[in-house]
Structure formats: structure tokens, C-alpha cells
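Okay, coords.csv is below, CSV, C-alpha atoms:
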```csv
chain,number,residue,atom,x,y,z
A,1,MET,CA,-4.9,67.4,-12.8
A,2,ARG,CA,-5.7,69.7,-15.7
A,3,ALA,CA,-8.8,67.6,-16.5
A,4,LYS,CA,-10.0,67.8,-12.8
A,5,LEU,CA,-9.5,71.6,-12.8
A,6,THR,CA,-11.4,71.9,-16.0
A,7,LEU,CA,-14.3,69.9,-14.5
A,8,LEU,CA,-14.3,72.0,-11.4
A,9,ALA,CA,-14.4,75.2,-13.5
A,10,LEU,CA,-17.3,73.8,-15.5
A,11,ALA,CA,-19.1,72.8,-12.4
A,12,ALA,CA,-18.7,76.3,-10.9
A,13,ALA,CA,-20.0,77.9,-14.1
A,14,VAL,CA,-23.0,75.5,-14.1
A,15,ALA,CA,-23.6,76.3,-10.4
A,16,LEU,CA,-23.6,80.0,-11.1
A,17,GLN,CA,-26.0,79.6,-14.0
A,18,ALA,CA,-28.3,77.4,-11.9
A,19,GLN,CA,-28.3,79.9,-9.1
A,20,ILE,CA,-29.3,82.7,-11.3
A,21,ALA,CA,-31.7,80.6,-13.4
A,22,ALA,CA,-33.5,79.6,-10.2
A,23,ASP,CA,-34.5,83.2,-9.7
A,24,GLU,CA,-32.7,83.4,-6.4
A,25,PRO,CA,-32.4,87.1,-5.6
A,26,VAL,CA,-29.0,88.7,-5.5
A,27,VAL,CA,-28.8,89.8,-1.9
A,28,VAL,CA,-26.2,91.9,0.0
A,29,PHE,CA,-25.6,90.3,3.4
A,30,THR,CA,-22.6,92.3,4.7
A,31,GLU,CA,-22.3,95.2,7.1
A,32,HIS,CA,-20.5,98.5,6.4
A,33,PRO,CA,-17.8,98.9,5.2
A,34,ARG,CA,-18.7,96.7,2.3
A,35,LEU,CA,-16.5,97.9,-0.5
A,36,PHE,CA,-13.0,96.5,-0.7
A,37,LEU,CA,-12.3,97.0,3.1
A,38,ARG,CA,-13.3,93.7,4.3
A,39,PRO,CA,-12.1,93.0,7.9
A,40,ALA,CA,-8.9,91.2,6.9
A,41,ARG,CA,-7.9,93.9,4.3
A,42,LEU,CA,-8.6,96.7,6.7
A,43,LYS,CA,-6.6,95.1,9.4
A,44,LEU,CA,-3.6,94.9,7.0
A,45,LEU,CA,-3.9,98.5,6.1
A,46,ARG,CA,-4.1,99.6,9.7
A,47,ARG,CA,-1.1,97.6,10.5
A,48,GLU,CA,0.8,99.5,7.8
A,49,ARG,CA,0.0,102.7,9.7
A,50,GLU,CA,1.2,101.1,13.0
A,51,ARG,CA,4.4,100.1,11.3
A,52,THR,CA,4.7,103.6,9.6
A,53,SER,CA,5.5,101.8,6.3
A,54,GLU,CA,6.8,103.7,3.4
A,55,ARG,CA,3.4,103.5,1.7
A,56,TRP,CA,1.6,104.9,4.7
A,57,ARG,CA,4.2,107.7,5.1
A,58,GLN,CA,3.6,108.8,1.5
A,59,PHE,CA,-0.2,108.8,2.0
A,60,GLN,CA,0.1,110.7,5.3
A,61,THR,CA,2.4,113.3,3.7
A,62,VAL,CA,0.0,113.9,0.9
A,63,MET,CA,-3.3,114.1,2.8
A,64,PRO,CA,-3.0,116.6,5.7
A,65,GLY,CA,-1.0,119.2,3.7
A,66,SER,CA,-2.8,118.9,0.4
A,67,ALA,CA,-5.2,121.4,-1.0
A,68,ALA,CA,-8.9,121.1,-0.2
A,69,PRO,CA,-10.9,118.4,-2.1
A,70,GLY,CA,-12.2,119.4,-5.4
A,71,ASP,CA,-9.5,122.0,-6.3
A,72,GLY,CA,-7.2,119.7,-8.2
A,73,GLY,CA,-4.9,118.9,-5.2
A,74,ILE,CA,-6.0,115.3,-5.1
A,75,LEU,CA,-7.1,113.2,-8.1
A,76,GLU,CA,-9.8,111.3,-6.2
A,77,PRO,CA,-10.6,113.5,-3.1
A,78,GLY,CA,-13.6,111.5,-1.8
A,79,PHE,CA,-11.8,108.2,-2.1
A,80,ALA,CA,-8.6,109.5,-0.5
A,81,ALA,CA,-10.1,111.2,2.5
A,82,SER,CA,-12.5,108.4,3.3
A,83,LEU,CA,-9.8,105.8,3.0
A,84,TYR,CA,-7.6,107.9,5.3
A,85,TYR,CA,-10.4,108.0,7.8
A,86,GLN,CA,-10.9,104.3,7.7
A,87,ILE,CA,-7.2,103.6,8.3
A,88,SER,CA,-6.4,106.3,10.8
A,89,GLY,CA,-9.7,107.1,12.5
A,90,ASP,CA,-9.1,110.8,11.8
A,91,GLU,CA,-12.7,112.1,12.0
A,92,ALA,CA,-11.8,115.5,10.5
A,93,MET,CA,-10.6,113.7,7.4
A,94,GLY,CA,-13.8,111.6,7.3
A,95,ARG,CA,-15.9,114.7,7.5
A,96,ARG,CA,-13.9,116.2,4.8
A,97,ALA,CA,-14.9,113.3,2.6
A,98,VAL,CA,-18.6,113.7,3.5
A,99,ASN,CA,-18.4,117.4,2.8
A,100,TRP,CA,-17.0,116.7,-0.6
A,101,ALA,CA,-19.7,114.1,-1.4
A,102,LEU,CA,-22.5,116.5,-0.4
A,103,GLY,CA,-20.8,119.4,-2.1
A,104,PRO,CA,-18.9,119.2,-5.4
A,105,GLY,CA,-18.8,115.4,-5.6
A,106,ARG,CA,-20.2,113.9,-8.8
A,107,ASP,CA,-18.3,110.7,-9.4
A,108,LEU,CA,-20.7,107.9,-8.5
A,109,ARG,CA,-17.9,105.5,-7.6
A,110,GLN,CA,-16.5,107.9,-5.0
A,111,LEU,CA,-19.9,108.9,-3.7
A,112,ALA,CA,-20.5,105.2,-3.0
A,113,LEU,CA,-17.2,104.8,-1.2
A,114,VAL,CA,-17.8,107.8,1.0
A,115,PHE,CA,-21.3,106.6,1.9
A,116,ASP,CA,-19.9,103.2,2.8
A,117,TRP,CA,-16.7,104.2,4.6
A,118,CYS,CA,-18.0,107.2,6.5
A,119,GLN,CA,-21.4,105.8,7.7
A,120,ASP,CA,-20.7,106.5,11.3
A,121,LEU,CA,-19.8,110.1,10.8
A,122,MET,CA,-23.0,111.2,8.9
A,123,THR,CA,-26.1,112.5,10.4
A,124,GLU,CA,-29.4,110.9,9.4
A,125,ALA,CA,-30.1,113.9,7.1
A,126,GLN,CA,-26.7,113.6,5.5
A,127,GLN,CA,-27.2,109.9,4.9
A,128,LYS,CA,-30.6,110.6,3.2
A,129,GLU,CA,-29.1,113.3,1.1
A,130,LEU,CA,-26.2,111.2,-0.1
A,131,ALA,CA,-28.4,108.2,-0.7
A,132,ALA,CA,-30.6,110.4,-2.9
A,133,ARG,CA,-27.5,111.5,-4.8
A,134,LEU,CA,-26.5,107.9,-5.3
A,135,GLN,CA,-29.9,107.0,-6.6
A,136,LYS,CA,-29.9,109.9,-9.0
A,137,GLY,CA,-26.4,108.9,-10.2
A,138,MET,CA,-27.7,105.4,-10.9
A,139,ALA,CA,-30.7,106.7,-12.8
A,140,ASP,CA,-28.6,109.2,-14.8
A,141,THR,CA,-26.3,106.5,-16.0
A,142,ALA,CA,-28.8,103.7,-16.4
A,143,GLN,CA,-28.4,103.6,-20.2
A,144,ASP,CA,-24.6,103.5,-20.1
A,145,GLU,CA,-23.5,99.9,-20.5
A,146,SER,CA,-19.7,100.6,-20.3
A,147,ILE,CA,-17.8,98.7,-17.7
A,148,GLY,CA,-16.9,101.9,-15.8
A,149,ALA,CA,-20.5,103.0,-15.6
A,150,VAL,CA,-21.8,99.6,-14.6
A,151,ARG,CA,-19.1,99.4,-11.9
A,152,GLY,CA,-20.3,102.7,-10.5
A,153,ARG,CA,-24.0,101.5,-10.3
A,154,VAL,CA,-23.0,98.2,-8.7
A,155,LEU,CA,-21.0,100.0,-6.0
A,156,ALA,CA,-23.9,102.3,-5.4
A,157,ALA,CA,-26.4,99.5,-5.3
A,158,VAL,CA,-24.3,97.5,-2.8
A,159,VAL,CA,-23.9,100.3,-0.3
A,160,LEU,CA,-27.6,101.3,-0.7
A,161,PHE,CA,-29.0,97.8,-0.5
A,162,ASP,CA,-30.7,98.0,2.9
A,163,HIS,CA,-31.1,101.8,3.0
A,164,VAL,CA,-33.5,102.3,0.1
A,165,PRO,CA,-36.2,100.0,-1.2
A,166,GLN,CA,-36.1,98.0,-4.5
A,167,ALA,CA,-33.8,100.1,-6.7
A,168,PRO,CA,-30.5,98.6,-5.5
A,169,GLU,CA,-31.8,95.0,-5.8
A,170,ARG,CA,-33.2,95.7,-9.3
A,171,GLU,CA,-29.9,97.1,-10.4
A,172,LEU,CA,-27.9,94.1,-9.1
A,173,GLU,CA,-30.3,91.7,-10.7
A,174,ARG,CA,-30.1,93.5,-14.0
A,175,VAL,CA,-26.3,93.6,-13.9
A,176,VAL,CA,-25.9,89.9,-13.1
A,177,ARG,CA,-28.7,88.4,-15.2
A,178,ILE,CA,-28.9,90.7,-18.2
A,179,TRP,CA,-25.6,92.6,-18.6
A,180,TRP,CA,-23.2,89.9,-17.5
A,181,LEU,CA,-24.9,86.5,-18.2
A,182,GLY,CA,-26.8,87.8,-21.1
A,183,ARG,CA,-24.3,89.9,-22.8
A,184,MET,CA,-20.7,90.0,-21.5
A,185,ALA,CA,-20.1,86.3,-20.6
A,186,PRO,CA,-21.3,85.0,-24.0
A,187,ALA,CA,-19.1,87.6,-25.8
A,188,LEU,CA,-16.1,86.6,-23.7
A,189,LYS,CA,-16.7,82.9,-24.4
A,190,ALA,CA,-16.9,83.6,-28.1
A,191,GLY,CA,-13.5,85.3,-27.9
A,192,ARG,CA,-14.8,88.8,-28.6
A,193,SER,CA,-12.8,91.7,-27.2
A,194,VAL,CA,-15.3,93.4,-24.9
A,195,VAL,CA,-13.0,94.4,-22.0
A,196,PRO,CA,-10.7,97.3,-23.1
A,197,ARG,CA,-7.4,97.5,-21.3
A,198,GLU,CA,-8.4,100.8,-19.7
A,199,ASP,CA,-11.5,99.1,-18.2
A,200,ALA,CA,-9.6,96.2,-16.4
A,201,PHE,CA,-9.4,98.0,-13.0
A,202,ALA,CA,-13.1,98.9,-13.1
A,203,LEU,CA,-14.0,95.3,-14.0
A,204,TYR,CA,-11.9,94.0,-11.0
A,205,GLU,CA,-13.7,96.4,-8.7
A,206,LEU,CA,-17.1,95.3,-10.0
A,207,LEU,CA,-16.2,91.6,-9.5
A,208,HIS,CA,-14.9,92.2,-6.0
A,209,ALA,CA,-17.9,94.2,-4.9
A,210,LEU,CA,-20.3,91.5,-6.0
A,211,ARG,CA,-18.3,88.5,-4.7
A,212,ASP,CA,-17.5,90.1,-1.4
A,213,ASN,CA,-21.1,91.1,-0.6
A,214,THR,CA,-23.4,88.7,-2.4
A,215,ASN,CA,-21.2,85.5,-2.9
A,216,VAL,CA,-21.9,85.7,-6.7
A,217,ASP,CA,-18.6,85.3,-8.5
A,218,LEU,CA,-19.1,86.4,-12.1
A,219,ARG,CA,-15.9,84.8,-13.2
A,220,ASP,CA,-17.5,81.4,-12.9
A,221,ALA,CA,-19.6,82.1,-16.0
A,222,CYS,CA,-16.4,82.2,-18.2
A,223,PRO,CA,-13.5,80.7,-16.4
A,224,ALA,CA,-11.4,80.2,-19.5
A,225,PHE,CA,-11.2,84.0,-20.1
A,226,PHE,CA,-10.2,84.8,-16.5
A,227,LYS,CA,-7.6,82.1,-16.6
A,228,ASP,CA,-5.6,84.0,-19.2
A,229,PHE,CA,-6.9,87.6,-18.5
A,230,PRO,CA,-4.2,88.7,-16.0
A,231,ILE,CA,-1.3,87.6,-18.2
A,232,ASP,CA,-2.9,89.0,-21.3
A,233,HIS,CA,-3.5,92.3,-19.5
A,234,LEU,CA,0.1,92.6,-18.4
A,235,MET,CA,1.4,91.7,-21.8
A,236,SER,CA,-0.7,94.4,-23.4
A,237,TYR,CA,1.6,97.0,-21.8
A,238,TYR,CA,4.7,95.9,-23.7
A,239,PRO,CA,5.7,98.5,-26.3
A,240,ALA,CA,5.1,97.8,-29.9
A,241,LEU,CA,8.0,96.3,-31.9
A,242,TYR,CA,10.5,98.9,-33.3
A,243,PRO,CA,9.9,99.3,-37.0
```
Translate this file's structure into C-alpha cells.
Amino acid sequence: MRAKLTLLALAAAVALQAQIAADEPVVVFTEHPRLFLRPARLKLLRRERERTSERWRQFQTVMPGSAAPGDGGILEPGFAASLYYQISGDEAMGRRAVNWALGPGRDLRQLALVFDWCQDLMTEAQQKELAARLQKGMADTAQDESIGAVRGRVLAAVVLFDHVPQAPERELERVVRIWWLGRMAPALKAGRSVVPREDAFALYELLHALRDNTNVDLRDACPAFFKDFPIDHLMSYYPALYP
């Protein structure tokens, strides 16, 4: 069985390499919302609201009575308000997210989430303005090869894919072919530590955004690393031995 699984993993890796090597474009084929709230996931979250689960009650308690976005009341105001809108349908909360994104918002990841999750609340002018901010954020961080920065550009490229020409597709191609297959995957195969513990969450978001919207699963390029990565990550939180 282990040999069969190994062969399957190798076949998947070869398939990914062949797909990219064949110059097939990395294409986003999904409708909004694209990021993390695929239909099954969104259905589960909305069911939590219907059941008034403990998690939903805590979220509901924090949001309506919290301070306005950007003043320190909420750690990620754009993410929180747009997520609340997607789950509850509260348009006032969705507009609050849009106002944050078009006002004090600077975090590329959150700007992408608001653009994606609040599409139906924005006017055409607001969509164009937020799309321009996303493109500027991608350009401003283009030289930053850290996992967090790449994650932000991938999210922006996914949500912008059919809204602006060329730039999103170029960014996704560059991330998949150059950054991942050319740099990260070979380093991981060689056993080099190129995924700091604090970047694990950003890496998972990047992987999900690409797999859910383009069917490109970057894990297939280095299956051995991802086989052990979850356990290694959990173990890294154990305290050091007492002297």
C-alpha cells in the first residue's frame, strides 16, 4: 500500500510538472466568492448562524458593538466585516467592509477578501477604485518574495482575474512557475527550511486559493514535505526542554 501511495504521489507531481511545462495558462474558472468561501464551506458557516452556535454567538457579539473599523477595535476589520456579511446577509456590515477597503485599508489580503466577498454591494465606480488599489498593492510588493507577500498577490490576482487584463494572469504564472516550481519546491525537496512557522497559515491560504480556483495543487510538486508538514508544524509549538 505504501508503495502504491508513493507511486501515486510521484505521478501527481509529474502531472503537475507536465501541466506547467506544457505552457498551459493558469486560469481562474470560478465565480465570486472565490476565496475560501466555496459553496460547501459557506453553507456550513451559514448553518452555524441558523443554529446560533457558540462560535457564531461570539462573532455576533463582537461585530455589531465593536468600534469602527480601523480604530483598533478589530484586528482585521475588512476580513471580519465582509465575512459577517457573507454569513448573515447584513448589508450594513458589508458596506462597512467596503468603506474600510476604500478608506484606511492597506492590507492587500484583506482588500482582496472585501473585493471578492462584497462584489454585489459595490457600485461600478467602487469596483474600479478597489481594483486599482489591488493592482497597486501587487505592484508595490512585486519584489517581496516572502510567503506572506506572495499570498497577498495571489489572492489579489485570483479576485481580479476577469476584471482587469493581463496583470493577474502574469502574477499567477510567475508564482506557479518561477516562485514555486523554480525556487520553493526544489528547496523543500532538498530539505531546506524555507517555510518559517509563522508563515504556515499564509502558505495554506495561498495553496487553497490556487487549488480552489485554478485546479493547480502546488503540494503535488513536493508531496514528501507536505506529508510530514502538519505534524512538524504542531510539534514546533512544544516548549523547549527545561534546562
Exercise. Using all atoms listed in the file, which residues sit within 10 Å of Arg47 in chain A once same-chain residues fewer than 5 positions away are excluded, as a PyMOL selection string?
Worked result: chain A and resi 41-42+52-53+56+87
Proximity check range 161-235 of chain A to range 147-156 of chain A, 8 Å, nearest pairs one decimal Å, only C-alpha atoms, as a Markdown table:
```
| residue | atom | partner | partner_atom | distance |
| --- | --- | --- | --- | --- |
| A:Pro168 | CA | A:Ala156 | CA | 7.6 |
| A:Glu171 | CA | A:Val154 | CA | 7.2 |
| A:Leu172 | CA | A:Val154 | CA | 6.4 |
| A:Val175 | CA | A:Val150 | CA | 7.5 |
| A:Val195 | CA | A:Ile147 | CA | 7.7 |
| A:Asp199 | CA | A:Ile147 | CA | 6.3 |
| A:Ala202 | CA | A:Gly148 | CA | 5.5 |
| A:Leu203 | CA | A:Ile147 | CA | 6.3 |
| A:Glu205 | CA | A:Arg151 | CA | 7.0 |
| A:Leu206 | CA | A:Arg151 | CA | 4.9 |
| A:Ala209 | CA | A:Leu155 | CA | 6.7 |
| A:Leu210 | CA | A:Val154 | CA | 7.7 |
```
Exercise. Counting all atoms listed in the file, which of A:Thr61, A:Asn99, A:Gln110, A:Gln143 gets nearest to Phe79 in chain A?
Worked result: A:Gln110
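The environment of Asn215 in chain A within 10 Å, counting only C-alpha atoms and disregarding residues fewer than 4 places along the same chain, consists of Val26, Val27, Val28, Phe29, His208, Ala209, Leu210 and Arg211 of chain A.
Of the residues listed (A:Asp220, A:Glu76, A:Asp232, A:Asp162), A:Glu76 shows the shortest atom-to-atom separation from Leu113 in chain A; distances use all atoms listed in the file.
Checking A:Ile74, A:Leu218, A:Ala80, A:Ala157 one by one against Ala112 in chain A, counting all atoms listed in the file, you find the shortest gap at A:Ala157.
Between Arg219 in chain A and the residues A:Gly191, A:Trp180, A:Phe59, A:Ala200, the shortest atom-to-atom distance, using only C-alpha atoms, involves A:Trp180.
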Exercise. Got a sec: who's within 9 Å of range 183-185 of chain A, counting only C-alpha atoms, leaving out chain neighbours fewer than 2 positions off, as a ChimeraX atom specification?
Worked result: /A:177-181,187-190,194-195,218-219,221-222
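In this model, the gap between CA of Pro230 in chain A and CA of Arg192 in chain A comes to 16.5 Å.
Take CA of Tyr84 in chain A and CA of Pro39 in chain A: the distance between them is 15.8 Å.
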Exercise. Which is closest to Leu160 in chain A among A:Val114, A:Phe201, A:Arg38, A:Arg174, if we use only C-alpha atoms?
Worked result: A:Val114
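Distance check against Met122 in chain A using all atoms listed in the file: of A:Val98, A:Leu134, A:Val216, A:Met93, the minimum falls on A:Val98.
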Problem set entry | Contacts of Glu129 in chain A at 12 Å (only C-alpha atoms; same-chain gap of 2+ positions) as number ranges by chain | A: 98-99, 101-103, 111, 115, 122-127, 131-136, 163-164
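One distance worth recording is that between CA of Leu108 in chain A and CA of Ala142 in chain A, which is 12.1 Å.
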Exercise. Which neighbours of Arg95 in chain A fall inside 9 Å, counting only C-alpha atoms, when residues of the same chain fewer than 2 positions from it are skipped, and could you give them as a ChimeraX atom specification?
Worked result: /A:81-82,85,90-93,97-100,118,121-122
Please return range 96-107 of chain A, rebuilt to all heavy atoms, as a compact mmCIF listing (two decimals), in the frame of the given file.
```txt
# COMPACT_ATOMS: atom_id res chain seq x y z
N ARG A 96 -14.31 115.61 6.00
CA ARG A 96 -13.90 116.20 4.80
C ARG A 96 -14.40 115.46 3.56
O ARG A 96 -14.86 116.03 2.57
CB ARG A 96 -12.35 116.29 4.76
CG ARG A 96 -11.71 116.79 3.50
CD ARG A 96 -10.22 116.94 3.77
NE ARG A 96 -9.45 117.02 2.55
CZ ARG A 96 -8.16 117.30 2.53
NH1 ARG A 96 -7.52 117.53 3.66
NH2 ARG A 96 -7.52 117.35 1.39
N ALA A 97 -14.36 114.12 3.66
CA ALA A 97 -14.90 113.30 2.60
C ALA A 97 -16.40 113.47 2.44
O ALA A 97 -16.92 113.59 1.33
CB ALA A 97 -14.56 111.82 2.86
N VAL A 98 -17.10 113.52 3.57
CA VAL A 98 -18.60 113.70 3.50
C VAL A 98 -18.90 115.07 2.93
O VAL A 98 -19.82 115.18 2.09
CB VAL A 98 -19.15 113.59 4.96
CG1 VAL A 98 -20.63 113.97 4.96
CG2 VAL A 98 -18.97 112.17 5.48
N ASN A 99 -18.17 116.11 3.32
CA ASN A 99 -18.40 117.40 2.80
C ASN A 99 -18.21 117.47 1.26
O ASN A 99 -18.94 118.15 0.53
CB ASN A 99 -17.53 118.48 3.45
CG ASN A 99 -17.92 118.72 4.90
OD1 ASN A 99 -19.07 118.46 5.29
ND2 ASN A 99 -16.99 119.18 5.71
N TRP A 100 -17.19 116.74 0.81
CA TRP A 100 -17.00 116.70 -0.60
C TRP A 100 -18.14 115.98 -1.32
O TRP A 100 -18.63 116.44 -2.35
CB TRP A 100 -15.67 115.91 -0.92
CG TRP A 100 -15.46 115.67 -2.39
CD1 TRP A 100 -14.86 116.51 -3.28
CD2 TRP A 100 -15.87 114.51 -3.13
NE1 TRP A 100 -14.88 115.96 -4.53
CE2 TRP A 100 -15.50 114.73 -4.48
CE3 TRP A 100 -16.52 113.32 -2.79
CZ2 TRP A 100 -15.74 113.80 -5.48
CZ3 TRP A 100 -16.77 112.40 -3.79
CH2 TRP A 100 -16.39 112.63 -5.12
N ALA A 101 -18.59 114.86 -0.74
CA ALA A 101 -19.70 114.10 -1.40
C ALA A 101 -20.97 114.87 -1.41
O ALA A 101 -21.76 114.73 -2.35
CB ALA A 101 -19.86 112.78 -0.61
N LEU A 102 -21.22 115.70 -0.40
CA LEU A 102 -22.50 116.50 -0.40
C LEU A 102 -22.29 117.84 -1.02
O LEU A 102 -23.26 118.60 -1.11
CB LEU A 102 -22.90 116.67 1.10
CG LEU A 102 -23.27 115.38 1.85
CD1 LEU A 102 -23.61 115.69 3.31
CD2 LEU A 102 -24.44 114.69 1.15
N GLY A 103 -21.07 118.14 -1.47
CA GLY A 103 -20.80 119.40 -2.10
C GLY A 103 -20.49 119.21 -3.60
O GLY A 103 -21.39 118.92 -4.40
N PRO A 104 -19.21 119.29 -3.97
CA PRO A 104 -18.90 119.20 -5.40
C PRO A 104 -18.82 117.80 -5.96
O PRO A 104 -18.69 117.62 -7.16
CB PRO A 104 -17.47 119.83 -5.44
CG PRO A 104 -16.88 119.53 -4.11
CD PRO A 104 -18.04 119.61 -3.14
N GLY A 105 -18.92 116.78 -5.13
CA GLY A 105 -18.80 115.40 -5.60
C GLY A 105 -19.81 115.00 -6.62
O GLY A 105 -21.01 115.21 -6.42
N ARG A 106 -19.34 114.40 -7.72
CA ARG A 106 -20.20 113.90 -8.80
C ARG A 106 -19.93 112.50 -9.21
O ARG A 106 -20.77 111.85 -9.82
CB ARG A 106 -20.16 114.85 -10.00
CG ARG A 106 -20.70 116.25 -9.76
CD ARG A 106 -22.19 116.24 -9.49
NE ARG A 106 -22.72 117.58 -9.28
CZ ARG A 106 -22.78 118.18 -8.10
NH1 ARG A 106 -22.36 117.54 -7.01
NH2 ARG A 106 -23.26 119.39 -7.98
N ASP A 107 -18.73 112.02 -8.92
CA ASP A 107 -18.30 110.70 -9.40
C ASP A 107 -19.05 109.63 -8.55
O ASP A 107 -18.87 109.52 -7.33
CB ASP A 107 -16.80 110.57 -9.17
CG ASP A 107 -16.28 109.19 -9.52
OD1 ASP A 107 -16.97 108.46 -10.26
OD2 ASP A 107 -15.18 108.82 -9.05
```
